[in-house]
file input-v7.cif (mmCIF, C-alpha atoms)
data_coords
loop_
_atom_site.label_atom_id
_atom_site.label_comp_id
_atom_site.auth_asym_id
_atom_site.auth_seq_id
_atom_site.Cartn_x
_atom_site.Cartn_y
_atom_site.Cartn_z
CA MET F 1 125.06 119.86 74.88
CA LYS F 2 122.70 121.60 72.46
CA PRO F 3 119.02 121.00 73.19
CA VAL F 4 116.95 119.12 70.61
CA GLU F 5 115.32 121.52 68.11
CA PRO F 6 111.58 122.05 68.53
CA LEU F 7 109.52 120.48 65.72
CA PHE F 8 106.08 121.90 66.52
CA ARG F 9 104.57 125.36 66.68
CA PRO F 10 101.62 126.61 68.71
CA GLY F 11 98.35 125.78 66.94
CA GLU F 12 99.69 122.63 65.26
CA ARG F 13 97.69 119.42 65.60
CA VAL F 14 99.52 116.52 67.19
CA ARG F 15 98.85 113.05 68.51
CA VAL F 16 100.36 111.55 71.64
CA MET F 17 102.07 108.26 70.94
CA LYS F 18 100.30 105.20 72.21
CA ALA F 19 103.27 103.48 73.77
CA TYR F 20 103.77 101.69 77.06
CA PRO F 21 107.49 101.66 77.81
CA LEU F 22 108.71 100.46 81.18
CA GLY F 23 110.27 102.84 83.64
CA HIS F 24 109.51 106.36 84.80
CA VAL F 25 107.40 108.16 82.21
CA ARG F 26 105.70 111.53 82.64
CA THR F 27 103.11 111.06 79.91
CA PRO F 28 99.93 110.05 81.73
CA TYR F 29 98.17 106.87 80.52
CA TYR F 30 94.87 108.62 79.94
CA ILE F 31 96.30 110.93 77.31
CA ARG F 32 98.24 108.38 75.25
CA GLY F 33 96.83 108.12 71.74
CA ALA F 34 94.82 111.36 72.11
CA ARG F 35 94.87 114.17 69.56
CA GLY F 36 95.37 117.75 70.61
CA VAL F 37 96.76 121.14 69.66
CA ILE F 38 100.08 122.63 70.72
CA GLU F 39 99.25 125.41 73.20
CA ARG F 40 102.82 126.58 73.79
CA LEU F 41 106.43 125.53 73.86
CA CYS F 42 107.58 125.53 77.49
CA GLY F 43 111.29 125.27 76.78
CA ALA F 44 113.79 122.41 76.76
CA PHE F 45 114.23 120.15 79.77
CA ALA F 46 116.26 117.10 80.67
CA ASN F 47 114.44 113.91 79.74
CA PRO F 48 112.82 112.59 82.95
CA GLU F 49 112.86 109.03 81.62
CA GLU F 50 116.66 109.23 81.56
CA LEU F 51 116.98 111.17 84.82
CA ALA F 52 115.10 108.36 86.57
CA GLN F 53 117.86 105.99 85.44
CA MET F 54 120.48 108.26 87.04
CA ARG F 55 121.65 109.54 83.64
CA ASP F 56 121.91 113.22 82.74
CA GLY F 57 118.88 113.30 80.44
CA LEU F 58 120.75 115.35 77.84
CA PRO F 59 120.31 116.67 75.26
CA ALA F 60 117.38 118.58 76.73
CA ARG F 61 114.12 117.87 74.94
CA PRO F 62 111.44 120.37 73.93
CA LEU F 63 108.46 120.29 76.29
CA TYR F 64 105.04 121.48 75.14
CA ARG F 65 101.69 122.16 76.68
CA VAL F 66 99.17 120.36 74.54
CA ARG F 67 95.46 121.18 74.73
CA PHE F 68 92.93 118.38 74.34
CA LEU F 69 89.15 118.59 74.10
CA GLN F 70 87.63 116.64 76.99
CA ARG F 71 85.08 115.12 74.58
CA GLU F 72 87.96 113.56 72.64
CA VAL F 73 89.74 112.26 75.70
CA TRP F 74 86.61 110.82 77.34
CA PRO F 75 83.92 109.92 74.79
CA ASP F 76 81.25 109.92 77.53
CA TYR F 77 82.38 113.29 78.97
CA ARG F 78 79.57 115.26 80.52
CA GLY F 79 80.10 119.00 80.34
CA SER F 80 80.67 121.67 77.76
CA CYS F 81 81.99 120.65 74.30
CA ASP F 82 84.63 123.36 74.77
CA ASP F 83 86.04 121.98 78.05
CA THR F 84 89.70 121.12 77.76
CA VAL F 85 92.56 119.48 79.57
CA ASP F 86 96.10 120.81 79.03
CA VAL F 87 98.96 118.38 79.58
CA GLU F 88 102.74 118.87 79.44
CA ILE F 89 104.23 116.45 76.95
CA PHE F 90 107.77 115.98 75.72
CA GLN F 91 108.41 116.16 71.98
CA HIS F 92 109.49 112.55 71.67
CA TRP F 93 105.96 111.53 72.68
CA LEU F 94 104.30 113.57 69.94
CA GLU F 95 103.64 112.96 66.27
CA ARG F 96 102.13 115.25 63.67
CA THR F 97 98.63 114.42 62.49
CA MET S 1 97.93 107.65 131.95
CA SER S 2 96.32 105.98 129.01
CA ASP S 3 98.69 107.69 126.61
CA LEU S 4 101.29 105.01 126.27
CA GLY S 5 101.95 105.88 122.63
CA LYS S 6 101.45 103.58 119.74
CA TYR S 7 104.09 101.45 118.21
CA ALA S 8 103.92 100.90 114.49
CA PRO S 9 106.82 99.69 112.39
CA LEU S 10 108.17 102.21 109.88
CA THR S 11 106.76 101.92 106.41
CA TYR S 12 109.09 101.32 103.48
CA PHE S 13 109.24 105.01 102.56
CA GLN S 14 109.59 106.22 106.16
CA LEU S 15 112.54 103.90 106.55
CA MET S 16 114.07 105.19 103.34
CA GLU S 17 113.61 108.81 104.50
CA VAL S 18 115.24 108.14 107.89
CA SER S 19 118.13 106.27 106.27
CA LEU S 20 118.77 109.01 103.73
CA ARG S 21 118.54 111.76 106.36
CA GLU S 22 120.94 109.96 108.71
CA LEU S 23 123.40 109.36 105.89
CA LEU S 24 123.33 113.02 104.84
CA VAL S 25 124.04 114.08 108.42
CA GLU S 26 126.68 111.41 108.98
CA LYS S 27 128.54 112.42 105.83
CA GLY S 28 128.34 116.11 106.77
CA VAL S 29 126.27 117.12 103.72
CA LEU S 30 123.59 118.65 105.96
CA SER S 31 123.21 119.15 109.69
CA GLU S 32 120.18 118.02 111.74
CA ARG S 33 119.54 121.67 112.42
CA GLN S 34 119.44 122.63 108.73
CA ILE S 35 116.96 119.85 108.06
CA GLU S 36 114.75 120.87 110.99
CA GLU S 37 114.82 124.50 109.85
CA ALA S 38 113.93 123.61 106.27
CA VAL S 39 111.02 121.46 107.43
CA ALA S 40 109.80 124.18 109.80
CA ASP S 41 110.03 126.73 106.98
CA MET S 42 108.00 124.56 104.65
CA ARG S 43 105.35 123.91 107.29
CA ALA S 44 105.10 127.61 108.14
CA ARG S 45 104.59 128.68 104.56
CA GLY S 46 100.99 129.25 103.61
CA SER S 47 99.38 130.76 100.54
CA GLU S 48 100.13 134.42 101.45
CA ARG S 49 102.69 134.81 98.71
CA GLY S 50 100.28 133.60 96.07
CA ALA S 51 97.61 135.93 97.45
CA ARG S 52 100.02 138.86 97.22
CA VAL S 53 100.73 138.06 93.58
CA VAL S 54 97.01 137.88 92.79
CA ALA S 55 96.21 141.14 94.60
CA ARG S 56 98.98 142.90 92.70
CA ALA S 57 97.66 141.56 89.39
CA TRP S 58 94.18 142.83 90.29
CA THR S 59 95.44 146.36 90.90
CA ASP S 60 98.26 146.72 88.38
CA PRO S 61 97.42 145.88 84.72
CA ALA S 62 101.07 146.03 83.62
CA PHE S 63 102.03 143.52 86.33
CA LYS S 64 99.13 141.29 85.34
CA ALA S 65 100.24 141.28 81.70
CA ARG S 66 103.75 140.36 82.78
CA LEU S 67 102.49 137.66 85.14
CA LEU S 68 100.46 135.98 82.41
CA ALA S 69 103.35 136.20 79.94
CA ASP S 70 106.06 134.94 82.32
CA GLY S 71 104.96 133.98 85.81
CA THR S 72 108.45 133.27 87.10
CA ALA S 73 109.86 136.66 86.04
CA ALA S 74 106.85 138.54 87.41
CA CYS S 75 107.21 136.87 90.83
CA GLN S 76 110.91 137.66 90.91
CA ALA S 77 110.08 141.30 90.18
CA LEU S 78 107.92 141.24 93.33
CA GLY S 79 110.91 139.98 95.26
CA LEU S 80 109.49 136.48 95.58
CA GLU S 81 112.08 133.81 95.11
CA VAL S 82 110.73 130.93 93.13
CA PRO S 83 113.72 128.63 92.74
CA ALA S 84 113.28 125.63 90.47
CA LEU S 85 109.83 126.79 89.59
CA ARG S 86 108.64 127.57 86.08
CA LEU S 87 105.39 129.24 86.83
CA ILE S 88 102.46 129.45 84.42
CA VAL S 89 99.60 131.63 85.63
CA VAL S 90 96.22 130.93 84.06
CA GLU S 91 93.52 133.58 84.19
CA ASN S 92 89.87 133.02 85.04
CA THR S 93 87.50 135.15 82.98
CA PRO S 94 83.71 135.28 82.65
CA ALA S 95 84.13 132.69 79.84
CA VAL S 96 86.87 130.40 81.22
CA HIS S 97 87.45 128.71 84.58
CA ASN S 98 90.80 127.04 85.27
CA VAL S 99 91.65 124.27 87.71
CA ILE S 100 94.96 122.63 88.53
CA VAL S 101 95.97 119.06 89.24
CA CYS S 102 98.96 116.78 88.99
CA THR S 103 97.60 113.39 87.95
CA LEU S 104 101.01 111.71 88.26
CA CYS S 105 102.01 112.81 91.76
CA SER S 106 101.39 116.10 93.56
CA CYS S 107 103.30 118.86 91.72
CA TYR S 108 102.16 122.13 93.25
CA PRO S 109 103.49 125.73 93.38
CA ARG S 110 104.77 125.31 96.95
CA MET S 111 106.80 128.51 96.98
CA LEU S 112 103.60 130.48 96.44
CA LEU S 113 100.95 128.33 98.08
CA GLY S 114 102.82 126.39 100.77
CA LEU S 115 102.36 122.66 101.23
CA PRO S 116 99.59 121.10 99.17
CA PRO S 117 96.43 120.08 101.05
CA GLU S 118 95.88 116.35 101.59
CA TRP S 119 93.00 116.19 99.14
CA TYR S 120 95.21 117.61 96.36
CA LYS S 121 97.45 114.58 96.74
CA SER S 122 94.57 112.11 97.00
CA ARG S 123 93.92 109.57 94.30
CA ASN S 124 90.29 110.63 94.34
CA TYR S 125 90.98 114.26 93.34
CA ARG S 126 93.80 113.43 90.94
CA SER S 127 91.89 110.83 88.99
CA ARG S 128 88.49 112.52 89.00
CA VAL S 129 89.22 116.19 88.32
CA VAL S 130 90.52 115.41 84.82
CA ARG S 131 87.59 113.08 84.14
CA GLU S 132 84.65 114.99 85.62
CA PRO S 133 85.88 118.44 86.68
CA ARG S 134 82.39 119.92 86.96
CA ALA S 135 81.26 117.25 89.41
CA VAL S 136 84.44 117.61 91.50
CA LEU S 137 84.16 121.41 91.59
CA ALA S 138 80.51 121.10 92.64
CA GLU S 139 81.63 118.97 95.60
CA PHE S 140 83.80 121.93 96.64
CA GLY S 141 80.68 124.09 96.39
CA THR S 142 81.83 125.65 93.13
CA VAL S 143 79.19 125.31 90.45
CA ILE S 144 80.46 126.50 87.10
CA PRO S 145 77.70 127.53 84.65
CA ALA S 146 77.43 125.32 81.53
CA GLN S 147 78.36 128.19 79.20
CA VAL S 148 81.71 128.71 80.99
CA THR S 149 84.54 126.59 79.56
CA ILE S 150 86.53 124.56 82.08
CA ARG S 151 90.23 124.13 81.50
CA VAL S 152 92.00 121.53 83.58
CA HIS S 153 95.79 121.90 83.75
CA ASP S 154 97.68 118.70 84.46
CA SER S 155 101.19 119.56 85.72
CA THR S 156 102.89 116.46 84.45
CA ALA S 157 106.43 117.77 83.96
CA ASP S 158 108.47 120.89 84.70
CA MET S 159 105.84 123.65 84.88
CA ARG S 160 103.90 124.68 87.96
CA TYR S 161 100.53 126.38 87.74
CA MET S 162 98.58 128.96 89.64
CA VAL S 163 95.10 130.26 88.87
CA LEU S 164 94.52 134.00 88.75
CA PRO S 165 90.92 134.21 89.98
CA MET S 166 88.56 137.00 88.96
CA ARG S 167 88.48 140.02 91.21
CA PRO S 168 85.23 139.94 93.17
CA ALA S 169 82.66 142.64 92.47
CA GLY S 170 82.26 145.26 95.18
CA THR S 171 86.00 145.66 95.81
CA GLU S 172 86.48 148.85 93.78
CA GLY S 173 89.08 151.09 95.33
CA TRP S 174 90.40 148.42 97.72
CA ASP S 175 94.14 148.35 98.30
CA GLU S 176 96.32 145.29 97.74
CA GLU S 177 96.42 144.20 101.36
CA ARG S 178 92.67 144.21 101.71
CA LEU S 179 92.26 142.38 98.41
CA ALA S 180 94.87 139.76 99.31
CA ALA S 181 92.76 138.75 102.31
CA LEU S 182 90.04 137.57 99.90
CA VAL S 183 92.38 135.32 97.94
CA THR S 184 92.16 131.80 99.35
CA ARG S 185 94.48 128.91 98.61
CA ASP S 186 91.64 126.99 96.97
CA SER S 187 90.82 129.91 94.66
CA MET S 188 94.40 129.77 93.36
CA ILE S 189 94.10 126.01 92.74
CA GLY S 190 90.81 126.70 91.01
CA VAL S 191 88.45 124.60 93.13
CA ALA S 192 86.88 127.69 94.70
CA LEU S 193 86.27 131.37 94.05
CA PRO S 194 87.75 134.18 96.13
CA THR S 195 85.87 135.12 99.28
CA ALA S 196 83.08 137.60 98.54
CA PRO S 197 83.66 140.98 100.24
#
call {"tool": "encode", "arguments": {"input": "input-v7.cif", "output": "structure tokens"}}
result
Amino acid sequence: MKPVEPLFRPGERVRVMKAYPLGHVRTPYYIRGARGVIERLCGAFANPEELAQMRDGLPARPLYRVRFLQREVWPDYRGSCDDTVDVEIFQHWLERT
Amino acid sequence: MSDLGKYAPLTYFQLMEVSLRELLVEKGVLSERQIEEAVADMRARGSERGARVVARAWTDPAFKARLLADGTAACQALGLEVPALRLIVVENTPAVHNVIVCTLCSCYPRMLLGLPPEWYKSRNYRSRVVREPRAVLAEFGTVIPAQVTIRVHDSTADMRYMVLPMRPAGTEGWDEERLAALVTRDSMIGVALPTAP
């Protein structure tokens, strides 16, 4: 099955969806709703939310590394304004800002 | 004489592991011996492979460029098998310090670094290093100057990460083997710096 086409390019600004579905999800809570920048496209991988339900997870979904400024993730962050956290996020969790 | 052993009932997950293992053996999918060998292999593996990769990157600029562009391919070129591992190598520089975590579980580049240390899997490390990395690093004795950017890498999905630390000063002319001895496991996770020569 053909993988899902990537929608985002490195450098593009995105927001992580603020959703709380049940089941196995690999988008950490702390990053939901946060805005970041696409750092790179990692490739296409089977959807872990489907794999956890014993399905094949296909078509494979684009997976990105998204870079977030710590100050935006944690408003009371103590440290440099440039400090970042990079998180791997599947395309279906991202929306353009 | 006092060592009578302790009896404790199996936990839920221990019971699940024993049941699965016995079923695999019973159905002839794996033998007891294969399982024992795989476990022994995993336990015996340390961080030497990772250290070898770092030492090569320190001495061979072309290899380093390749490693940063495609970690998996570069390791394969060194003859290191990294099955099921998409490796991203992140480079420490005078301006950037990298540190690795898996906030969801304990994803770790086992083929290069061996089994993860207990603290890497602890809730304490996993929840705090994304929230206050500078404080956590300081507890490891690693104080990162304010002007150096800290990048935390949360391995939440299919990638695995390894830090390429900076080559320590005073190691000019050293060969790979000597350099590799300075590369600690913790320096490749990013909570420490390589041993000073």
call {"tool": "closest_residue", "arguments": {"input": "input-v7.cif", "among": "S:Leu179, S:Met16, S:Val99, S:Leu193", "to": "chain F", "atoms": "all atoms listed in the file"}}
result
S:Val99
call {"tool": "atom_distance", "arguments": {"input": "input-v7.cif", "atom1": "CA of Thr149 in chain S", "atom2": "CA of Gly79 in chain F"}}
result
8.8 Å
call {"tool": "residues_near_point", "arguments": {"input": "input-v7.cif", "point": "(102.0, 109.2, 89.0)", "cutoff": "8 Å", "atoms": "only C-alpha atoms", "output": "PyMOL selection string"}}
result
(chain F and resi 26+28) or (chain S and resi 103-105)
call {"tool": "closest_atom_pairs", "arguments": {"input": "input-v7.cif", "of": "chain S", "to": "chain F", "cutoff": "6 Å", "atoms": "only C-alpha atoms", "output": "CSV"}}
result
residue,atom,partner,partner_atom,distance
S:Thr149,CA,F:Asp83,CA,5.1
S:Ile150,CA,F:Asp83,CA,4.8
S:Arg151,CA,F:Thr84,CA,4.8
S:Val152,CA,F:Val85,CA,4.5
S:His153,CA,F:Asp86,CA,4.9
S:Asp154,CA,F:Val87,CA,5.1
S:Thr156,CA,F:Glu88,CA,5.6
S:Ala157,CA,F:Glu88,CA,5.9
call {"tool": "resolve_selection", "arguments": {"input": "input-v7.cif", "expression": "the PyMOL selection byres ((chain F and resi 94) around 10)", "output": "PyMOL selection string"}}
result
chain F and resi 7-8+13-18+32-36+64+66+89-93+95-97
call {"tool": "residues_around", "arguments": {"input": "input-v7.cif", "residues": "Ala55 in chain S", "least_positions_apart": "2", "cutoff": "9 Å", "atoms": "only C-alpha atoms", "output": "list in words"}}
result
Gly50, Ala51, Arg52, Val53, Ala57, Trp58, Thr59, Asp60, Arg167, Asp175, Glu176, Glu177, Arg178, Leu179, Ala180, Ala181, Leu182 and Val183 of chain S
call {"tool": "atom_distance", "arguments": {"input": "input-v7.cif", "atom1": "CA of Gly57 in chain F", "atom2": "CA of Lys2 in chain F"}}
result
12.1 Å
call {"tool": "resolve_selection", "arguments": {"input": "input-v7.cif", "expression": "the PyMOL selection byres ((chain S and resi 125) around 12)", "output": "MDAnalysis selection string"}}
result
chainID S and resid 99:106 117:124 126:133 135:137 139:140 154 191
call {"tool": "write_last_selection", "arguments": {"input": "input-v7.cif", "atoms": "C-alpha atoms", "output": "compact mmCIF listing (two decimals), in the frame of the given file"}}
result
# COMPACT_ATOMS: atom_id res chain seq x y z
CA VAL S 99 91.65 124.27 87.71
CA ILE S 100 94.96 122.63 88.53
CA VAL S 101 95.97 119.06 89.24
CA CYS S 102 98.96 116.78 88.99
CA THR S 103 97.60 113.39 87.95
CA LEU S 104 101.01 111.71 88.26
CA CYS S 105 102.01 112.81 91.76
CA SER S 106 101.39 116.10 93.56
CA PRO S 117 96.43 120.08 101.05
CA GLU S 118 95.88 116.35 101.59
CA TRP S 119 93.00 116.19 99.14
CA TYR S 120 95.21 117.61 96.36
CA LYS S 121 97.45 114.58 96.74
CA SER S 122 94.57 112.11 97.00
CA ARG S 123 93.92 109.57 94.30
CA ASN S 124 90.29 110.63 94.34
CA ARG S 126 93.80 113.43 90.94
CA SER S 127 91.89 110.83 88.99
CA ARG S 128 88.49 112.52 89.00
CA VAL S 129 89.22 116.19 88.32
CA VAL S 130 90.52 115.41 84.82
CA ARG S 131 87.59 113.08 84.14
CA GLU S 132 84.65 114.99 85.62
CA PRO S 133 85.88 118.44 86.68
CA ALA S 135 81.26 117.25 89.41
CA VAL S 136 84.44 117.61 91.50
CA LEU S 137 84.16 121.41 91.59
CA GLU S 139 81.63 118.97 95.60
CA PHE S 140 83.80 121.93 96.64
CA ASP S 154 97.68 118.70 84.46
CA VAL S 191 88.45 124.60 93.13
call {"tool": "resolve_selection", "arguments": {"input": "input-v7.cif", "expression": "the PyMOL selection byres ((chain S and resi 45) around 12)", "output": "PyMOL selection string"}}
result
chain S and resi 38-44+46-50+109-116+185
call {"tool": "residues_around", "arguments": {"input": "input-v7.cif", "residues": "Val89 in chain S", "least_positions_apart": "2", "cutoff": "6 Å", "atoms": "all atoms listed in the file", "output": "list in words"}}
result
Leu68, Gly71, Tyr161, Met162 and Val163 of chain S
call {"tool": "atom_distance", "arguments": {"input": "input-v7.cif", "atom1": "CA of Pro59 in chain F", "atom2": "CA of Pro3 in chain F"}}
result
5.0 Å
call {"tool": "closest_residue", "arguments": {"input": "input-v7.cif", "among": "S:Asp186, S:Asp158, S:Glu91, S:Glu22", "to": "Pro62 in chain F", "atoms": "only C-alpha atoms"}}
result
S:Asp158
call {"tool": "build_atoms", "arguments": {"input": "input-v7.cif", "residues": "range 9-21 of chain F", "atoms": "N, CA and C atoms", "output": "PDB file, in the frame of the given file"}}
result
ATOM      1  N   ARG F   9     104.894 123.970  66.332  1.00  0.00           N
ATOM      2  CA  ARG F   9     104.570 125.360  66.680  1.00  0.00           C
ATOM      3  C   ARG F   9     103.191 125.407  67.331  1.00  0.00           C
ATOM      4  N   PRO F  10     102.958 126.456  68.121  1.00  0.00           N
ATOM      5  CA  PRO F  10     101.620 126.610  68.710  1.00  0.00           C
ATOM      6  C   PRO F  10     100.548 126.566  67.618  1.00  0.00           C
ATOM      7  N   GLY F  11      99.447 125.872  67.910  1.00  0.00           N
ATOM      8  CA  GLY F  11      98.350 125.780  66.940  1.00  0.00           C
ATOM      9  C   GLY F  11      98.415 124.504  66.103  1.00  0.00           C
ATOM     10  N   GLU F  12      99.583 123.852  66.068  1.00  0.00           N
ATOM     11  CA  GLU F  12      99.690 122.630  65.260  1.00  0.00           C
ATOM     12  C   GLU F  12      98.975 121.465  65.919  1.00  0.00           C
ATOM     13  N   ARG F  13      98.375 120.612  65.076  1.00  0.00           N
ATOM     14  CA  ARG F  13      97.690 119.420  65.600  1.00  0.00           C
ATOM     15  C   ARG F  13      98.674 118.282  65.769  1.00  0.00           C
ATOM     16  N   VAL F  14      98.587 117.622  66.911  1.00  0.00           N
ATOM     17  CA  VAL F  14      99.520 116.520  67.190  1.00  0.00           C
ATOM     18  C   VAL F  14      98.744 115.349  67.809  1.00  0.00           C
ATOM     19  N   ARG F  15      99.409 114.205  67.819  1.00  0.00           N
ATOM     20  CA  ARG F  15      98.850 113.050  68.510  1.00  0.00           C
ATOM     21  C   ARG F  15      99.906 112.539  69.482  1.00  0.00           C
ATOM     22  N   VAL F  16      99.438 112.110  70.648  1.00  0.00           N
ATOM     23  CA  VAL F  16     100.360 111.550  71.640  1.00  0.00           C
ATOM     24  C   VAL F  16     100.572 110.086  71.275  1.00  0.00           C
ATOM     25  N   MET F  17     101.796 109.649  71.293  1.00  0.00           N
ATOM     26  CA  MET F  17     102.070 108.260  70.940  1.00  0.00           C
ATOM     27  C   MET F  17     101.411 107.317  71.933  1.00  0.00           C
ATOM     28  N   LYS F  18     100.932 106.195  71.368  1.00  0.00           N
ATOM     29  CA  LYS F  18     100.300 105.200  72.210  1.00  0.00           C
ATOM     30  C   LYS F  18     101.358 104.139  72.490  1.00  0.00           C
ATOM     31  N   ALA F  19     102.165 104.403  73.472  1.00  0.00           N
ATOM     32  CA  ALA F  19     103.270 103.480  73.770  1.00  0.00           C
ATOM     33  C   ALA F  19     103.272 103.214  75.266  1.00  0.00           C
ATOM     34  N   TYR F  20     103.774 102.072  75.642  1.00  0.00           N
ATOM     35  CA  TYR F  20     103.770 101.690  77.060  1.00  0.00           C
ATOM     36  C   TYR F  20     105.139 101.203  77.489  1.00  0.00           C
ATOM     37  N   PRO F  21     106.145 102.088  77.412  1.00  0.00           N
ATOM     38  CA  PRO F  21     107.490 101.660  77.810  1.00  0.00           C
ATOM     39  C   PRO F  21     107.559 101.451  79.327  1.00  0.00           C
TER      40      PRO F  21
END
